[in-house]
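Asker: Below is the file final.cif, which contains mmCIF, C-alpha atoms (C1' of nucleotides).
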```
data_model
#
loop_
_atom_site.label_atom_id
_atom_site.label_comp_id
_atom_site.auth_asym_id
_atom_site.auth_seq_id
_atom_site.Cartn_x
_atom_site.Cartn_y
_atom_site.Cartn_z
CA MET U 13 29.75 63.87 86.28
CA ALA U 14 33.23 63.34 87.55
CA MET U 15 33.20 60.68 90.20
CA GLN U 16 35.05 61.40 93.36
CA ARG U 17 38.65 60.34 93.55
CA CYS U 18 39.03 56.63 94.14
CA CYS U 19 41.08 57.08 97.29
CA PRO U 20 43.60 59.33 98.95
CA PRO U 21 46.83 59.09 96.99
CA PRO U 22 48.94 56.39 98.64
CA LYS U 23 52.49 56.64 99.78
CA LEU U 24 54.32 55.77 96.63
CA VAL U 25 57.27 53.53 97.14
CA ARG U 26 59.99 54.35 94.68
CA ARG U 27 63.03 52.35 95.63
CA ASP U 28 65.29 50.39 93.35
CA PHE U 29 64.11 46.82 93.59
CA GLU U 30 66.32 45.44 90.86
CA PRO U 31 68.97 43.98 93.19
CA ALA U 32 66.42 42.30 95.43
CA ALA U 33 64.52 40.99 92.43
CA ALA U 34 67.70 39.60 90.88
CA LEU U 35 68.60 37.78 94.08
CA LEU U 36 65.12 36.34 94.47
CA LYS U 37 65.06 35.30 90.84
CA ALA U 38 68.24 33.31 91.42
CA VAL U 39 66.50 31.17 94.01
CA ALA U 40 63.09 30.98 92.32
CA ASP U 41 63.73 27.61 90.72
CA PRO U 42 63.07 24.14 92.12
CA TYR U 43 66.44 22.71 91.10
CA ARG U 44 68.33 25.65 92.52
CA LEU U 45 66.35 25.38 95.75
CA THR U 46 67.28 21.71 95.86
CA ILE U 47 70.94 22.60 95.42
CA LEU U 48 70.80 25.26 98.13
CA ALA U 49 68.94 23.00 100.54
CA THR U 50 71.44 20.22 99.94
CA LEU U 51 74.30 22.61 100.63
CA ALA U 52 72.57 23.83 103.77
CA ALA U 53 71.99 20.28 104.98
CA ASN U 54 75.63 19.41 104.44
CA ASP U 55 77.84 21.70 106.39
CA HIS U 56 80.76 20.27 104.51
CA GLU U 57 81.07 20.97 100.85
CA VAL U 58 79.27 19.10 98.13
CA CYS U 59 80.88 17.96 94.92
CA VAL U 60 79.34 18.82 91.57
CA CYS U 61 79.11 15.17 90.69
CA ASP U 62 76.69 14.61 93.57
CA PHE U 63 74.30 17.11 92.04
CA THR U 64 74.52 15.55 88.61
CA ASP U 65 73.70 12.25 90.28
CA ALA U 66 70.81 13.62 92.32
CA LEU U 67 69.11 15.88 89.80
CA PRO U 68 67.31 14.75 86.63
CA LEU U 69 69.53 17.03 84.59
CA ASN U 70 72.60 16.45 82.54
CA GLN U 71 75.94 17.84 83.55
CA PRO U 72 75.86 21.13 81.60
CA ALA U 73 72.44 21.96 82.99
CA VAL U 74 73.66 21.43 86.53
CA SER U 75 76.67 23.57 85.77
CA HIS U 76 74.35 26.27 84.48
CA HIS U 77 72.30 26.35 87.68
CA LEU U 78 75.45 26.42 89.77
CA ARG U 79 76.63 29.37 87.76
CA VAL U 80 73.42 31.28 88.41
CA LEU U 81 73.91 30.72 92.13
CA ARG U 82 77.56 31.70 91.86
CA ASP U 83 76.74 34.88 89.97
CA ALA U 84 74.26 35.75 92.70
CA GLU U 85 77.05 35.09 95.21
CA LEU U 86 74.87 32.67 97.11
CA VAL U 87 77.43 29.89 96.82
CA THR U 88 81.17 29.66 96.56
CA CYS U 89 83.20 27.01 94.84
CA ASP U 90 86.60 25.56 95.35
CA ARG U 91 88.42 23.36 92.90
CA ARG U 92 90.59 20.65 94.41
CA GLY U 93 92.17 18.55 91.78
CA THR U 94 89.66 17.28 89.30
CA TRP U 95 86.68 18.01 91.46
CA VAL U 96 84.88 21.22 92.29
CA TYR U 97 83.22 21.59 95.65
CA TYR U 98 80.43 24.04 96.36
CA GLN U 99 79.22 25.46 99.62
CA LEU U 100 76.68 27.99 100.78
CA ALA U 101 77.91 31.54 101.08
CA GLY U 102 78.04 32.52 104.73
CA ASP U 103 75.64 35.39 104.27
CA ALA U 104 73.21 33.65 101.93
CA LEU U 105 70.34 33.50 104.39
CA GLU U 106 71.02 37.02 105.58
CA ARG U 107 71.01 38.44 102.07
CA LEU U 108 67.81 36.64 101.14
CA ASN U 109 66.10 37.88 104.27
CA ALA U 110 67.28 41.37 103.44
CA ALA U 111 65.77 41.05 99.99
CA LEU U 112 62.41 40.13 101.49
CA ALA U 113 62.79 42.93 104.00
CA THR U 114 62.83 45.46 101.17
CA ILE U 115 59.19 44.64 100.70
CA PHE U 116 58.00 44.91 104.24
CA ARG U 117 60.16 47.57 105.78
CA LYS U 118 57.85 50.36 106.85
CA LYS U 119 58.66 54.03 107.01
CA VAL U 120 60.78 54.52 110.15
CA HIS U 121 59.75 51.83 112.49
CA ALA U 122 61.57 48.50 111.95
CA MET E 12 94.00 4.57 87.66
CA ALA E 13 90.71 5.11 89.34
CA MET E 14 90.94 8.15 91.52
CA GLN E 15 89.48 7.95 94.96
CA ARG E 16 85.90 9.03 95.39
CA CYS E 17 85.53 12.80 95.38
CA CYS E 18 83.89 12.92 98.79
CA PRO E 19 81.60 11.03 101.12
CA PRO E 20 78.16 10.95 99.54
CA PRO E 21 76.23 13.93 100.91
CA LYS E 22 72.82 13.95 102.48
CA LEU E 23 70.63 14.24 99.46
CA VAL E 24 67.74 16.58 99.86
CA ARG E 25 64.75 15.38 97.92
CA ARG E 26 61.82 17.52 98.87
CA ASP E 27 59.30 19.09 96.55
CA PHE E 28 60.47 22.62 96.03
CA GLU E 29 57.93 23.52 93.37
CA PRO E 30 55.57 25.40 95.68
CA ALA E 31 58.35 27.43 97.27
CA ALA E 32 59.88 28.16 93.89
CA ALA E 33 56.52 29.28 92.50
CA LEU E 34 55.98 31.64 95.40
CA LEU E 35 59.46 33.11 95.10
CA LYS E 36 59.06 33.48 91.36
CA ALA E 37 55.95 35.55 91.95
CA VAL E 38 57.96 38.12 93.88
CA ALA E 39 61.15 37.95 91.82
CA ASP E 40 60.27 40.97 89.69
CA PRO E 41 61.05 44.63 90.34
CA TYR E 42 57.58 45.89 89.51
CA ARG E 43 55.89 43.28 91.65
CA LEU E 44 58.26 44.11 94.50
CA THR E 45 57.29 47.75 94.07
CA ILE E 46 53.63 46.82 94.23
CA LEU E 47 54.11 44.71 97.34
CA ALA E 48 56.23 47.35 99.07
CA THR E 49 53.63 49.99 98.28
CA LEU E 50 50.90 47.80 99.72
CA ALA E 51 53.02 47.15 102.80
CA ALA E 52 53.70 50.84 103.29
CA ASN E 53 50.00 51.65 103.04
CA ASP E 54 48.08 49.76 105.62
CA HIS E 55 44.92 50.84 103.89
CA GLU E 56 44.21 49.51 100.46
CA VAL E 57 45.64 50.84 97.25
CA CYS E 58 43.63 51.40 94.10
CA VAL E 59 44.78 49.91 90.81
CA CYS E 60 44.85 53.36 89.26
CA ASP E 61 47.59 54.37 91.67
CA PHE E 62 49.81 51.63 90.34
CA THR E 63 49.16 52.54 86.75
CA ASP E 64 50.14 56.09 87.68
CA ALA E 65 53.26 55.09 89.57
CA LEU E 66 54.68 52.40 87.32
CA PRO E 67 56.07 52.90 83.81
CA LEU E 68 53.65 50.30 82.48
CA ASN E 69 50.34 50.52 80.74
CA GLN E 70 47.18 49.36 82.40
CA PRO E 71 47.06 45.78 81.05
CA ALA E 72 50.65 45.17 82.16
CA VAL E 73 49.84 46.38 85.66
CA SER E 74 46.78 44.17 85.68
CA HIS E 75 48.96 41.25 84.64
CA HIS E 76 51.37 41.75 87.52
CA LEU E 77 48.51 42.08 89.96
CA ARG E 78 47.14 38.82 88.67
CA VAL E 79 50.43 37.06 89.26
CA LEU E 80 50.38 38.27 92.85
CA ARG E 81 46.73 37.30 93.20
CA ASP E 82 47.36 33.82 91.83
CA ALA E 83 50.16 33.45 94.36
CA GLU E 84 47.69 34.57 97.02
CA LEU E 85 50.04 37.27 98.18
CA VAL E 86 47.43 39.98 97.70
CA THR E 87 43.68 40.18 97.85
CA CYS E 88 41.43 42.50 95.94
CA ASP E 89 38.08 44.06 96.60
CA ARG E 90 35.96 45.82 94.03
CA ARG E 91 33.97 48.78 95.27
CA GLY E 92 32.06 50.45 92.56
CA THR E 93 34.20 51.18 89.59
CA TRP E 94 37.45 50.79 91.45
CA VAL E 95 39.37 47.77 92.62
CA TYR E 96 41.43 47.99 95.77
CA TYR E 97 44.31 45.69 96.55
CA GLN E 98 45.94 44.87 99.84
CA LEU E 99 48.62 42.57 101.13
CA ALA E 100 47.49 39.14 102.21
CA GLY E 101 47.80 38.85 105.96
CA ASP E 102 50.16 35.91 105.75
CA ALA E 103 52.28 37.17 102.88
CA LEU E 104 55.41 37.74 104.91
CA GLU E 105 54.92 34.49 106.78
CA ARG E 106 54.54 32.47 103.61
CA LEU E 107 57.59 34.03 102.00
CA ASN E 108 59.66 33.36 105.07
CA ALA E 109 58.43 29.79 105.03
CA ALA E 110 59.53 29.46 101.42
CA LEU E 111 63.02 30.60 102.34
CA ALA E 112 62.97 28.30 105.34
CA THR E 113 62.60 25.30 103.04
CA ILE E 114 66.17 25.98 102.01
CA PHE E 115 67.78 26.33 105.37
CA ARG E 116 65.87 24.01 107.60
CA LYS E 117 68.31 21.46 108.88
CA LYS E 118 67.61 17.87 109.83
CA VAL E 119 65.94 17.96 113.25
CA HIS E 120 67.27 20.99 114.97
CA ALA E 121 65.49 24.24 114.09
"C1'" DC F 5 103.50 14.13 76.42
"C1'" DC F 6 99.04 11.48 76.03
"C1'" DG F 7 94.72 9.81 77.39
"C1'" DC F 8 91.14 10.08 80.75
"C1'" DT F 9 87.76 12.08 83.87
"C1'" DG F 10 85.30 16.01 85.91
"C1'" DT F 11 83.62 20.56 85.05
"C1'" DA F 12 82.64 24.79 82.30
"C1'" DT F 13 81.30 27.10 78.19
"C1'" DT F 14 79.06 27.57 73.67
"C1'" DG F 15 75.33 27.44 70.34
"C1'" DA F 16 70.72 26.05 69.14
"C1'" DC F 17 66.15 25.32 70.16
"C1'" DA F 18 61.81 25.30 72.94
"C1'" DA F 19 59.22 27.07 76.63
"C1'" DA F 20 58.00 30.72 79.65
"C1'" DC F 21 57.61 35.55 80.80
"C1'" DT F 22 56.80 40.56 79.85
"C1'" DT F 23 54.80 43.98 77.25
"C1'" DC F 24 51.63 46.12 74.19
"C1'" DG F 25 47.33 47.10 71.41
"C1'" DA F 26 42.74 45.77 70.99
"C1'" DT F 27 38.81 44.41 73.09
"C1'" DA F 28 35.60 42.78 76.64
"C1'" DC F 29 33.52 43.32 81.10
"C1'" DA F 30 31.72 46.01 85.26
"C1'" DA F 31 29.73 49.88 87.39
"C1'" DT F 32 28.25 54.65 87.44
"C1'" DG F 33 25.92 58.94 85.76
"C1'" DG F 34 22.92 60.96 82.59
"C1'" DC M 16 19.26 52.48 77.76
"C1'" DC M 17 23.55 54.85 76.46
"C1'" DA M 18 28.00 56.89 77.08
"C1'" DT M 19 31.88 56.96 80.02
"C1'" DT M 20 35.48 55.38 83.09
"C1'" DG M 21 38.12 51.76 85.51
"C1'" DT M 22 39.74 47.12 85.23
"C1'" DA M 23 40.48 42.47 83.19
"C1'" DT M 24 41.36 39.37 79.45
"C1'" DC M 25 43.01 38.11 74.85
"C1'" DG M 26 46.36 37.64 71.04
"C1'" DA M 27 50.65 38.75 69.19
"C1'" DA M 28 55.45 40.54 69.35
"C1'" DG M 29 60.06 40.64 71.76
"C1'" DT M 30 62.85 39.01 75.36
"C1'" DT M 31 64.51 35.93 78.76
"C1'" DT M 32 65.22 31.31 80.67
"C1'" DG M 33 66.02 26.25 80.71
"C1'" DT M 34 67.71 22.29 78.39
"C1'" DC M 35 70.48 19.59 75.46
"C1'" DA M 36 74.43 18.20 72.31
"C1'" DA M 37 78.88 19.38 71.21
"C1'" DT M 38 83.05 21.10 72.56
"C1'" DA M 39 86.62 23.28 75.37
"C1'" DC M 40 89.24 23.47 79.52
"C1'" DA M 41 91.59 21.69 83.90
"C1'" DG M 42 94.00 18.34 86.50
"C1'" DC M 43 95.61 13.72 87.26
"C1'" DG M 44 97.85 9.17 86.05
"C1'" DG M 45 100.74 6.76 83.14
#
```
In structure tokens, write the structure found in this file.

Answerer:
Amino acid sequence: MAMQRCCPPPKLVRRDFEPAAALLKAVADPYRLTILATLAANDHEVCVCDFTDALPLNQPAVSHHLRVLRDAELVTCDRRGTWVYYQLAGDALERLNAALATIFRKKVHA
Amino acid sequence: MAMQRCCPPPKLVRRDFEPAAALLKAVADPYRLTILATLAANDHEVCVCDFTDALPLNQPAVSHHLRVLRDAELVTCDRRGTWVYYQLAGDALERLNAALATIFRKKVHA
DNA sequence: CCGCTGTATTGACAAACTTCGATACAATGG
DNA sequence: CCATTGTATCGAAGTTTGTCAATACAGCGG
């Protein structure tokens, strides 16, 4: 009565996806995407106060999102006097592409 | 006493990042990355039972993660008899790259 | 020093996500 | 039909995440 096996056992992928998932999670938020896109559109740095102006969030919430991006090392910050300026990390795009590549990289080929 | 303005007002980016964020959120999980990578590594389809074998999750949890990926239209499924086979959506990589591109696309240039 | 402004951190609460057990649904074999 | 197996959904924990109010910290001007 045993049915035949459903399919030949597939190649099981057993890598550690935690780092890639953590990086993707850091960008998987509309406000954080807005922040990153604003930084990308402005080659010069952007002051925190501009984000608090632009986003419908209060100042601590903006600071929280900036911290998530900082912890993921997708942005860097630089305090000059009273103000803190953020900019995109140089390898942000590269690291995000690498995270996506963990999904699609085939056996030997690419 | 008023200090000078912190910086020239930056180009404010005000796009709708909800769709991109939703797509990225769907992949921002280690188990779902494992599922996607397994599907990518196996050009043929993969049966649900293989995921329940490979992941340290019970069957409803696996089904939940597959549903998240289905809702994001990153995978498609096909029931044949008792078994359900999943495969990567053809445009999965393209759509994820497009989501990342929402961040980095500059004004006119690229 | 003191007060002021910009930013970061903390604590509390609500919402969302993940997981599990139980159960329902689908398809096959008897 | 009925029992069995594979898969999906439901409902209820536990955990994480996002937001706010309050507060702390940093740097400047007086």

Asker: Output as a tab-separated table one row per residue of chain F within 9 Å of chain U: the closest atom pair and its distance in Å to one decimal place, counting only C-alpha atoms (C1' of nucleotides), sorted by chain and residue number ascending.

Answerer:
```
residue	atom	partner	partner_atom	distance
F:DT9	C1'	U:Thr94	CA	7.8
F:DG10	C1'	U:Thr94	CA	5.7
F:DT11	C1'	U:Val96	CA	7.4
F:DA12	C1'	U:Ser75	CA	7.0
F:DT13	C1'	U:Pro72	CA	8.8
F:DT32	C1'	U:Met15	CA	8.3
F:DG33	C1'	U:Met13	CA	6.3
F:DG34	C1'	U:Met13	CA	8.3
```

Asker: Based on all atoms listed in the file, which of the residues in chain M come within 10 Å of chain U? I want them as a list of chain:residue names.

Answerer: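 Here they are: M:DT19, M:DT20, M:DG21, M:DG33, M:DT34, M:DC35, M:DA36, M:DA41, M:DG42, M:DC43.
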
Asker: Do a neighbour search on DG26 in chain M at 12 Å with all atoms listed in the file, toss out local chain neighbours closer than 3 positions, and write the hits as JSON, numbers by chain.

Answerer: {"F": [24, 25, 26, 27]}

Asker: Please produce a file of the residues just selected, as a compact mmCIF listing (two decimals), in the coordinates of the input, where the atoms kept are C-alpha atoms (C1' of nucleotides).

Answerer:
```
# COMPACT_ATOMS: atom_id res chain seq x y z
C1' DC F 24 51.63 46.12 74.19
C1' DG F 25 47.33 47.10 71.41
C1' DA F 26 42.74 45.77 70.99
C1' DT F 27 38.81 44.41 73.09
```

Asker: Do you know which residues the PyMOL selection byres ((chain E) within 8 of (chain U)) returns on this file, as a ChimeraX atom specification?

Answerer: /E:17-18,20-29,31-36,38-42,44-45,47-49,51-53,57-58,61,65,94,104,107-108,111,113-118

Asker: If you count all atoms listed in the file, which residues fall within 12 Å of DG29 in chain M, apart from same-chain ones fewer than 5 positions away, as a tab-separated table (two decimals) with C-alpha atoms (C1' of nucleotides), in the coordinates of the input?

Answerer:
```tsv
chain	number	residue	atom	x	y	z
F	21	DC	C1'	57.61	35.55	80.80
F	22	DT	C1'	56.80	40.56	79.85
F	23	DT	C1'	54.80	43.98	77.25
F	24	DC	C1'	51.63	46.12	74.19
```

Asker: What gap, in Å, lies between C1' of DC8 in chain F and CA of Thr64 in chain U?

Answerer: 19.2 Å

Asker: Could you work out how far CA of Leu86 in chain U lies from CA of Glu106 in chain U, giving the answer in Å with one decimal?

Answerer: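 Between CA of Glu106 in chain U and CA of Leu86 in chain U the gap works out to 10.3 Å.
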
Asker: Please indicate the distance in Å from C1' of DC29 in chain F to CA of Val86 in chain E, rounded to one decimal place.

Answerer: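 Straight-line distance from C1' of DC29 in chain F to CA of Val86 in chain E works out to 21.9 Å.
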
Asker: Identify, on the basis of only C-alpha atoms (C1' of nucleotides), every residue whose closest approach to Thr87 in chain E does not exceed 10 Å; exclude the query and any residue fewer than 3 positions from it along the same chain; express the result as an NGL selection string.

Answerer: :E and (56 or 77-78 or 80-84 or 96-101)

Asker: Once N, CA and C atoms are restored for range 64-99 of chain E, what would the output be as an mmCIF file, in the frame of the given file?

Answerer:
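Below you can see out33.cif, which holds the result:
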```cif
data_model
loop_
_atom_site.group_PDB
_atom_site.id
_atom_site.type_symbol
_atom_site.label_atom_id
_atom_site.label_comp_id
_atom_site.auth_asym_id
_atom_site.auth_seq_id
_atom_site.Cartn_x
_atom_site.Cartn_y
_atom_site.Cartn_z
ATOM 1 N N ASP E 64 49.484 54.775 87.657
ATOM 2 C CA ASP E 64 50.140 56.090 87.680
ATOM 3 C C ASP E 64 51.616 55.953 88.024
ATOM 4 N N ALA E 65 51.914 55.094 89.003
ATOM 5 C CA ALA E 65 53.260 55.090 89.570
ATOM 6 C C ALA E 65 54.243 54.266 88.740
ATOM 7 N N LEU E 66 53.758 53.274 88.041
ATOM 8 C CA LEU E 66 54.680 52.400 87.320
ATOM 9 C C LEU E 66 54.759 52.791 85.848
ATOM 10 N N PRO E 67 55.910 52.580 85.235
ATOM 11 C CA PRO E 67 56.070 52.900 83.810
ATOM 12 C C PRO E 67 55.528 51.776 82.938
ATOM 13 N N LEU E 68 54.291 51.402 83.214
ATOM 14 C CA LEU E 68 53.650 50.300 82.480
ATOM 15 C C LEU E 68 52.253 50.753 82.113
ATOM 16 N N ASN E 69 51.717 50.182 81.072
ATOM 17 C CA ASN E 69 50.340 50.520 80.740
ATOM 18 C C ASN E 69 49.396 49.673 81.594
ATOM 19 N N GLN E 70 48.141 49.962 81.480
ATOM 20 C CA GLN E 70 47.180 49.360 82.400
ATOM 21 C C GLN E 70 47.107 47.830 82.285
ATOM 22 N N PRO E 71 47.089 47.246 81.093
ATOM 23 C CA PRO E 71 47.060 45.780 81.050
ATOM 24 C C PRO E 71 48.289 45.140 81.689
ATOM 25 N N ALA E 72 49.445 45.756 81.551
ATOM 26 C CA ALA E 72 50.650 45.170 82.160
ATOM 27 C C ALA E 72 50.534 45.198 83.678
ATOM 28 N N VAL E 73 50.043 46.314 84.214
ATOM 29 C CA VAL E 73 49.840 46.380 85.660
ATOM 30 C C VAL E 73 48.856 45.306 86.096
ATOM 31 N N SER E 74 47.793 45.172 85.352
ATOM 32 C CA SER E 74 46.780 44.170 85.680
ATOM 33 C C SER E 74 47.390 42.767 85.656
ATOM 34 N N HIS E 75 48.285 42.554 84.718
ATOM 35 C CA HIS E 75 48.960 41.250 84.640
ATOM 36 C C HIS E 75 49.762 40.981 85.908
ATOM 37 N N HIS E 76 50.550 41.959 86.335
ATOM 38 C CA HIS E 76 51.370 41.750 87.520
ATOM 39 C C HIS E 76 50.508 41.551 88.766
ATOM 40 N N LEU E 77 49.415 42.270 88.832
ATOM 41 C CA LEU E 77 48.510 42.080 89.960
ATOM 42 C C LEU E 77 47.924 40.676 89.945
ATOM 43 N N ARG E 78 47.692 40.182 88.764
ATOM 44 C CA ARG E 78 47.140 38.820 88.670
ATOM 45 C C ARG E 78 48.153 37.785 89.149
ATOM 46 N N VAL E 79 49.394 37.985 88.794
ATOM 47 C CA VAL E 79 50.430 37.060 89.260
ATOM 48 C C VAL E 79 50.444 37.032 90.785
ATOM 49 N N LEU E 80 50.363 38.208 91.382
ATOM 50 C CA LEU E 80 50.380 38.270 92.850
ATOM 51 C C LEU E 80 49.097 37.687 93.432
ATOM 52 N N ARG E 81 47.988 37.889 92.740
ATOM 53 C CA ARG E 81 46.730 37.300 93.200
ATOM 54 C C ARG E 81 46.784 35.785 93.121
ATOM 55 N N ASP E 82 47.273 35.278 91.992
ATOM 56 C CA ASP E 82 47.360 33.820 91.830
ATOM 57 C C ASP E 82 48.257 33.200 92.896
ATOM 58 N N ALA E 83 49.273 33.951 93.305
ATOM 59 C CA ALA E 83 50.160 33.450 94.360
ATOM 60 C C ALA E 83 49.552 33.660 95.743
ATOM 61 N N GLU E 84 48.385 34.285 95.762
ATOM 62 C CA GLU E 84 47.690 34.570 97.020
ATOM 63 C C GLU E 84 48.526 35.425 97.965
ATOM 64 N N LEU E 85 49.280 36.326 97.369
ATOM 65 C CA LEU E 85 50.040 37.270 98.180
ATOM 66 C C LEU E 85 49.267 38.563 98.384
ATOM 67 N N VAL E 86 48.277 38.796 97.557
ATOM 68 C CA VAL E 86 47.430 39.980 97.700
ATOM 69 C C VAL E 86 45.971 39.553 97.540
ATOM 70 N N THR E 87 45.105 40.383 98.056
ATOM 71 C CA THR E 87 43.680 40.180 97.850
ATOM 72 C C THR E 87 43.117 41.449 97.236
ATOM 73 N N CYS E 88 42.007 41.316 96.543
ATOM 74 C CA CYS E 88 41.430 42.500 95.940
ATOM 75 C C CYS E 88 39.956 42.572 96.288
ATOM 76 N N ASP E 89 39.452 43.786 96.193
ATOM 77 C CA ASP E 89 38.080 44.060 96.600
ATOM 78 C C ASP E 89 37.555 45.149 95.679
ATOM 79 N N ARG E 90 36.546 44.822 94.938
ATOM 80 C CA ARG E 90 35.960 45.820 94.030
ATOM 81 C C ARG E 90 34.903 46.612 94.777
ATOM 82 N N ARG E 91 35.001 47.913 94.710
ATOM 83 C CA ARG E 91 33.970 48.780 95.270
ATOM 84 C C ARG E 91 33.608 49.801 94.226
ATOM 85 N N GLY E 92 32.451 49.581 93.642
ATOM 86 C CA GLY E 92 32.060 50.450 92.560
ATOM 87 C C GLY E 92 32.963 50.224 91.369
ATOM 88 N N THR E 93 33.375 51.284 90.780
ATOM 89 C CA THR E 93 34.200 51.180 89.590
ATOM 90 C C THR E 93 35.619 50.719 89.917
ATOM 91 N N TRP E 94 36.039 50.997 91.124
ATOM 92 C CA TRP E 94 37.450 50.790 91.450
ATOM 93 C C TRP E 94 37.718 49.461 92.128
ATOM 94 N N VAL E 95 38.934 48.997 91.968
ATOM 95 C CA VAL E 95 39.370 47.770 92.620
ATOM 96 C C VAL E 95 40.543 48.102 93.528
ATOM 97 N N TYR E 96 40.408 47.691 94.770
ATOM 98 C CA TYR E 96 41.430 47.990 95.770
ATOM 99 C C TYR E 96 42.161 46.708 96.123
ATOM 100 N N TYR E 97 43.469 46.839 96.210
ATOM 101 C CA TYR E 97 44.310 45.690 96.550
ATOM 102 C C TYR E 97 44.924 45.903 97.928
ATOM 103 N N GLN E 98 45.131 44.779 98.631
ATOM 104 C CA GLN E 98 45.940 44.870 99.840
ATOM 105 C C GLN E 98 46.737 43.590 100.024
ATOM 106 N N LEU E 99 47.764 43.710 100.839
ATOM 107 C CA LEU E 99 48.620 42.570 101.130
ATOM 108 C C LEU E 99 47.824 41.480 101.820
#
```
